[in-house]
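Student: Just passing along the structure, written as structure tokens.
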Amino acid sequence: MIPVVHDALCARIAEKAGFKAIFTAGYANSAALLGKPDLSLLTLTEMVECASRIVDAVNIPVFADGDTGHGNVMNVMRTVHLFEKAGVAGLFIEDQVEPKRCGHMAGKQVISAQEMVAKLKAALDARSDPDLVIMARTDALGVLGIDEAIRRANLYREAGADLIFVEAPETIEQMKRITKEVKAPTMVNLIPGGRTPLLQAKELQEIGYAAVAYATACTYTIARAVTYLFETLHHTGTITGLDGNMMKFDEFNQLVGLDLIKDAEDRYLYLKDVRKEDVSK
């Protein structure tokens, strides 16, 4: 179970909740950084910068959204290099035409399978750490049908992809076909209101999936909560009565590690005072 987070604060909350890995992805990043939909508006360096901050905030693996690789095979190699330099544990590359869009939106287009295989081989050649997970995503199901999506998925596995992500299956039957016929570990992406049935993690495991990403749940929850907060505050002129839905001052400070920073400050100040005493002697 891999929730998507768009900033370091949400990353820390996910880690505290017990998740063993997290994603940073284009849909959530576009909403948080630009207030815009997932239509390939963010640049590679903006995506990498966001991932880098999240990596620094937690001690669990962070997986990144490489989109289409942001161009041709040379762009793919730079994408892998920059994300690996940022410290991510893995990233996926998808076979949509650039500019891409959210996988659950209408109007997608895909490149040829041969071009995608070339991108994957470039990505694999670009990684310097063999433990960096290279995931291949295909959006062919919604464009060319389930048979072509499965064919591409197996081609991408043969090219060397570590994990396969067939985006936006619309039925449980399609999901079962994917996990049965794709000869690789597979991931599924669940979006409230999206195309894929919202099954429980245990059900997904029984179907045969190796991983599930929750791409928008955090973003949608924040949007709903903040909408309620600001509309109520604007109407009433007070936050009294709303604090039951908020963390308290001390609780939040603990979440963001204030006590650890204060301990470090005290330790270094103590060492500084000790050095002063040694010099005076």
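Labels used: A, B, ... for chains in the order of the structure tokens, numbers from 1 for residues in each chain, and numbers from 1 for ligands as shown.
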Which residues, written as JSON, numbers by chain, have at least one atom at most 8 Å from Asp162 in chain A, with only C-alpha atoms counted and residues fewer than 5 positions away on the same chain left out?

Tutor: {"A": [133, 134, 135, 136, 157, 184, 185]}

Student: If we count only C-alpha atoms, what is near Glu49 in chain A at a cut-off of 10 Å, once residues fewer than 6 positions away on the same chain are taken out, given as an MDAnalysis selection string?

Tutor: chainID A and resid 55 82:83 86

Student: Give the answer as one residue: which of A:Met1, A:Cys102, A:Glu181, A:Val58 has the shortest atom-to-atom distance to Gly26 in chain A, using only C-alpha atoms?

Tutor: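 The shortest atom-to-atom distance to Gly26 in chain A comes from A:Cys102.
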
Student: Rounded to one decimal place, report the CA of Lys262 in chain A-CA of Ala14 in chain A distance in Å.

Tutor: 23.3 Å

Student: Let me make sure I understand: among A:Asn29, A:Ala118, A:Val256, A:Asp67, which one has the smallest atom-to-atom distance to Gly160 in chain A if we use only C-alpha atoms?

Tutor: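 Of the candidates, the smallest distance to Gly160 in chain A is held by A:Ala118.
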
Student: Near Asn253 in chain A, within 12 Å and counting only C-alpha atoms, which residues show up once chain neighbours fewer than 6 positions away are dropped, as a VMD selection string?

Tutor: chain A and resid 9 247 259 to 262

Student: Mind dumping the selected residues with N, CA and C atoms as a PDB file, in the first residue's frame?

Tutor:
```pdb
ATOM      1  N   LEU A   9       5.320  17.470   4.650  1.00  0.00           N
ATOM      2  CA  LEU A   9       4.448  17.310   5.815  1.00  0.00           C
ATOM      3  C   LEU A   9       3.590  16.057   5.677  1.00  0.00           C
ATOM      4  N   MET A 247      -5.104  19.642  14.601  1.00  0.00           N
ATOM      5  CA  MET A 247      -4.086  19.299  15.586  1.00  0.00           C
ATOM      6  C   MET A 247      -3.869  20.488  16.502  1.00  0.00           C
ATOM      7  N   ASP A 259      10.998  18.855  18.890  1.00  0.00           N
ATOM      8  CA  ASP A 259      11.767  18.389  20.046  1.00  0.00           C
ATOM      9  C   ASP A 259      13.141  17.891  19.644  1.00  0.00           C
ATOM     10  N   LEU A 260      13.255  17.244  18.492  1.00  0.00           N
ATOM     11  CA  LEU A 260      14.550  16.757  18.023  1.00  0.00           C
ATOM     12  C   LEU A 260      15.479  17.911  17.669  1.00  0.00           C
ATOM     13  N   ILE A 261      14.922  18.950  17.077  1.00  0.00           N
ATOM     14  CA  ILE A 261      15.733  20.114  16.728  1.00  0.00           C
ATOM     15  C   ILE A 261      16.201  20.835  17.980  1.00  0.00           C
ATOM     16  N   LYS A 262      15.317  20.974  18.957  1.00  0.00           N
ATOM     17  CA  LYS A 262      15.706  21.624  20.207  1.00  0.00           C
ATOM     18  C   LYS A 262      16.780  20.824  20.931  1.00  0.00           C
TER      19      LYS A 262
END
```

Student: Mind listing the strand (DSSP E) residues of range 11-185 of chain A, per DSSP on the backbone, as a list in words?

Tutor: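 Listing strand (DSSP E) positions across range 11-185 of chain A yields Ile22, Phe23, Thr24, Val62, Phe63, Ala64, Asp65, Gly90, Leu91, Phe92, Ile93, Glu94, Val133, Ile134, Met135, Ala136, Arg137, Thr138, Leu163, Ile164, Phe165 and Val166 of chain A.
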
Student: Taking N, CA and C atoms for each residue, export the selection above as a tab-separated table (two decimals), in the first residue's frame.

Tutor:
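The resulting file, result_33.tsv, is shown below:
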```tsv
chain	number	residue	atom	x	y	z
A	22	ILE	N	6.11	5.53	0.05
A	22	ILE	CA	5.19	6.57	-0.42
A	22	ILE	C	5.54	6.94	-1.86
A	23	PHE	N	4.59	7.57	-2.52
A	23	PHE	CA	4.76	8.06	-3.88
A	23	PHE	C	4.73	9.59	-3.88
A	24	THR	N	5.46	10.20	-4.80
A	24	THR	CA	5.26	11.59	-5.16
A	24	THR	C	4.87	11.60	-6.63
A	62	VAL	N	10.83	6.37	-1.23
A	62	VAL	CA	9.97	7.29	-1.97
A	62	VAL	C	10.04	6.93	-3.45
A	63	PHE	N	8.87	6.67	-4.04
A	63	PHE	CA	8.80	6.38	-5.47
A	63	PHE	C	8.29	7.62	-6.21
A	64	ALA	N	8.83	7.83	-7.40
A	64	ALA	CA	8.55	9.07	-8.13
A	64	ALA	C	7.82	8.80	-9.44
A	65	ASP	N	7.18	9.84	-9.91
A	65	ASP	CA	6.43	9.83	-11.16
A	65	ASP	C	7.31	10.44	-12.25
A	90	GLY	N	12.69	4.57	-6.64
A	90	GLY	CA	12.25	4.09	-7.94
A	90	GLY	C	11.39	5.13	-8.64
A	91	LEU	N	11.10	4.89	-9.90
A	91	LEU	CA	10.22	5.79	-10.66
A	91	LEU	C	9.59	5.01	-11.79
A	92	PHE	N	8.46	5.53	-12.29
A	92	PHE	CA	7.86	4.88	-13.44
A	92	PHE	C	7.87	5.81	-14.65
A	93	ILE	N	7.94	5.19	-15.82
A	93	ILE	CA	7.85	5.87	-17.10
A	93	ILE	C	6.62	5.32	-17.82
A	94	GLU	N	5.87	6.19	-18.48
A	94	GLU	CA	4.62	5.77	-19.11
A	94	GLU	C	4.67	5.97	-20.62
A	133	VAL	N	14.30	1.01	-8.64
A	133	VAL	CA	13.21	0.30	-9.30
A	133	VAL	C	12.72	1.11	-10.51
A	134	ILE	N	12.76	0.49	-11.68
A	134	ILE	CA	12.24	1.11	-12.89
A	134	ILE	C	10.89	0.46	-13.20
A	135	MET	N	9.83	1.25	-13.10
A	135	MET	CA	8.48	0.76	-13.36
A	135	MET	C	8.02	1.22	-14.74
A	136	ALA	N	7.28	0.37	-15.42
A	136	ALA	CA	6.73	0.72	-16.72
A	136	ALA	C	5.22	0.82	-16.61
A	137	ARG	N	4.70	1.93	-17.05
A	137	ARG	CA	3.24	2.14	-17.04
A	137	ARG	C	2.73	2.19	-18.47
A	138	THR	N	1.64	1.48	-18.73
A	138	THR	CA	0.98	1.60	-20.02
A	138	THR	C	-0.43	2.14	-19.84
A	163	LEU	N	8.70	-3.51	-12.48
A	163	LEU	CA	7.31	-3.53	-12.03
A	163	LEU	C	6.45	-2.99	-13.16
A	164	ILE	N	5.28	-3.58	-13.35
A	164	ILE	CA	4.39	-3.18	-14.45
A	164	ILE	C	3.11	-2.56	-13.89
A	165	PHE	N	2.70	-1.47	-14.52
A	165	PHE	CA	1.53	-0.71	-14.08
A	165	PHE	C	0.62	-0.51	-15.29
A	166	VAL	N	-0.44	-1.31	-15.38
A	166	VAL	CA	-1.47	-1.11	-16.41
A	166	VAL	C	-2.51	-0.16	-15.83
```

Student: Extract, using only C-alpha atoms, all DNA, RNA and protein residues at most 8 Å from Thr68 in chain A, discarding same-chain residues fewer than 6 positions from it, and format them as a list in words.

Tutor: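 After dropping sequence-adjacent residues, the list is Val76, Ile93, Glu94, Asp95, Gln96, Val97, Glu98 and Lys100 of chain A.
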
Student: Go ahead and dump the residues you just picked, N, CA and C atoms, as an mmCIF file, in the first residue's frame.

Tutor:
```cif
data_model
loop_
_atom_site.group_PDB
_atom_site.id
_atom_site.type_symbol
_atom_site.label_atom_id
_atom_site.label_comp_id
_atom_site.auth_asym_id
_atom_site.auth_seq_id
_atom_site.Cartn_x
_atom_site.Cartn_y
_atom_site.Cartn_z
ATOM 1 N N VAL A 76 14.670 10.896 -21.161
ATOM 2 C CA VAL A 76 14.421 9.825 -20.199
ATOM 3 C C VAL A 76 15.665 9.578 -19.351
ATOM 4 N N ILE A 93 7.937 5.186 -15.821
ATOM 5 C CA ILE A 93 7.854 5.866 -17.104
ATOM 6 C C ILE A 93 6.620 5.323 -17.817
ATOM 7 N N GLU A 94 5.870 6.192 -18.477
ATOM 8 C CA GLU A 94 4.624 5.766 -19.115
ATOM 9 C C GLU A 94 4.666 5.965 -20.618
ATOM 10 N N ASP A 95 3.735 5.291 -21.311
ATOM 11 C CA ASP A 95 3.742 5.312 -22.774
ATOM 12 C C ASP A 95 2.716 6.262 -23.372
ATOM 13 N N GLN A 96 2.348 7.299 -22.642
ATOM 14 C CA GLN A 96 1.472 8.323 -23.216
ATOM 15 C C GLN A 96 2.258 9.254 -24.125
ATOM 16 N N VAL A 97 1.525 9.891 -25.037
ATOM 17 C CA VAL A 97 2.082 10.964 -25.855
ATOM 18 C C VAL A 97 2.279 12.192 -24.972
ATOM 19 N N GLU A 98 3.371 12.903 -25.176
ATOM 20 C CA GLU A 98 3.640 14.144 -24.451
ATOM 21 C C GLU A 98 3.013 15.318 -25.215
ATOM 22 N N LYS A 100 1.142 14.620 -21.565
ATOM 23 C CA LYS A 100 0.256 13.556 -21.068
ATOM 24 C C LYS A 100 -0.839 14.136 -20.196
#
```

Student: As a ChimeraX atom specification, list the residues of range 57-216 of chain A assigned to helix (DSSP H, G or I) by DSSP on the backbone atoms of this structure.

Tutor: /A:57,73-86,113-126,141-144,146-159,172-181,201-207

Student: Counting only C-alpha atoms, what is within 7 Å of His81 in chain A, bar same-chain residues fewer than 4 positions away, as an mmCIF file with C-alpha atoms, in the first residue's frame?

Tutor:
```
data_model
loop_
_atom_site.group_PDB
_atom_site.id
_atom_site.type_symbol
_atom_site.label_atom_id
_atom_site.label_comp_id
_atom_site.auth_asym_id
_atom_site.auth_seq_id
_atom_site.Cartn_x
_atom_site.Cartn_y
_atom_site.Cartn_z
ATOM 1 C CA MET A 77 18.065 9.296 -19.255
ATOM 2 C CA LYS A 85 20.354 11.957 -7.559
ATOM 3 C CA ALA A 126 20.843 5.515 -17.102
ATOM 4 C CA ARG A 127 20.466 4.168 -13.574
#
```

Student: Name all residues at most 9 Å from Val212 in chain A (count only C-alpha atoms; drop same-chain ones fewer than 4 positions away) and give them as number ranges by chain.

Tutor: A: 1-3, 186-190, 201, 204

Student: Would you mind exporting the chosen residues as a PDB file, in the first residue's frame, restricted to C-alpha atoms?

Tutor:
```pdb
ATOM      1  CA  MET A   1       0.000   0.000   0.000  1.00  0.00           C
ATOM      2  CA  ILE A   2       1.671   3.188  -1.227  1.00  0.00           C
ATOM      3  CA  PRO A   3      -0.108   6.503  -0.636  1.00  0.00           C
ATOM      4  CA  THR A 186       1.966  -5.553 -11.124  1.00  0.00           C
ATOM      5  CA  MET A 187       0.676  -2.363  -9.521  1.00  0.00           C
ATOM      6  CA  VAL A 188      -2.788  -0.826  -9.540  1.00  0.00           C
ATOM      7  CA  ASN A 189      -3.798   2.801  -8.983  1.00  0.00           C
ATOM      8  CA  LEU A 190      -7.003   3.647  -7.075  1.00  0.00           C
ATOM      9  CA  ALA A 201      -5.854  -4.059  -0.208  1.00  0.00           C
ATOM     10  CA  LEU A 204      -6.154  -6.706  -4.510  1.00  0.00           C
TER      11      LEU A 204
END
```

Student: Can you measure CA of Ala89 in chain A to CA of Leu255 in chain A for me? One decimal in Å is fine.

Tutor: 23.8 Å

Student: Please indicate the distance in Å from CA of Thr43 in chain A to CA of Lys20 in chain A, rounded to one decimal place.

Tutor: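 CA of Lys20 in chain A lies at a distance of 27.7 Å from CA of Thr43 in chain A.
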
Student: Nearest residue to Val226 in chain A out of A:Pro197, A:Asn245, A:Ala122, A:Ala210, using only C-alpha atoms?

Tutor: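 With only C-alpha atoms as the atom set, the closest residue is A:Asn245.
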
Student: Go through A:Cys50, A:Lys16, A:Glu115, A:Gly35 one by one, measure the shortest atom-to-atom distance of each to Asn72 in chain A using only C-alpha atoms, and give the residue with the smallest value.

Tutor: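 Closest to Asn72 in chain A of all the choices is A:Glu115.
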
Student: Using only C-alpha atoms, which protein or nucleic acid residues come within 9 Å of Val143 in chain A? Drop anything in the same chain fewer than 5 positions from it, and give the result as a PyMOL selection string.

Tutor: chain A and resi 107-110+149

Student: Considering only C-alpha atoms, can you say which of A:Ile111, A:Ala25, A:Ile54, A:Ala213 comes closest to Leu42 in chain A?

Tutor: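 Checking each candidate against Leu42 in chain A, we get A:Ala25 as the closest.
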
Student: Using only C-alpha atoms for the distances, tell me which of A:Met105, A:Leu120, A:Ala17, A:Ile207 is nearest to Asp139 in chain A.

Tutor: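 Looking at the shortest contact to Asp139 in chain A, the residue is A:Met105.
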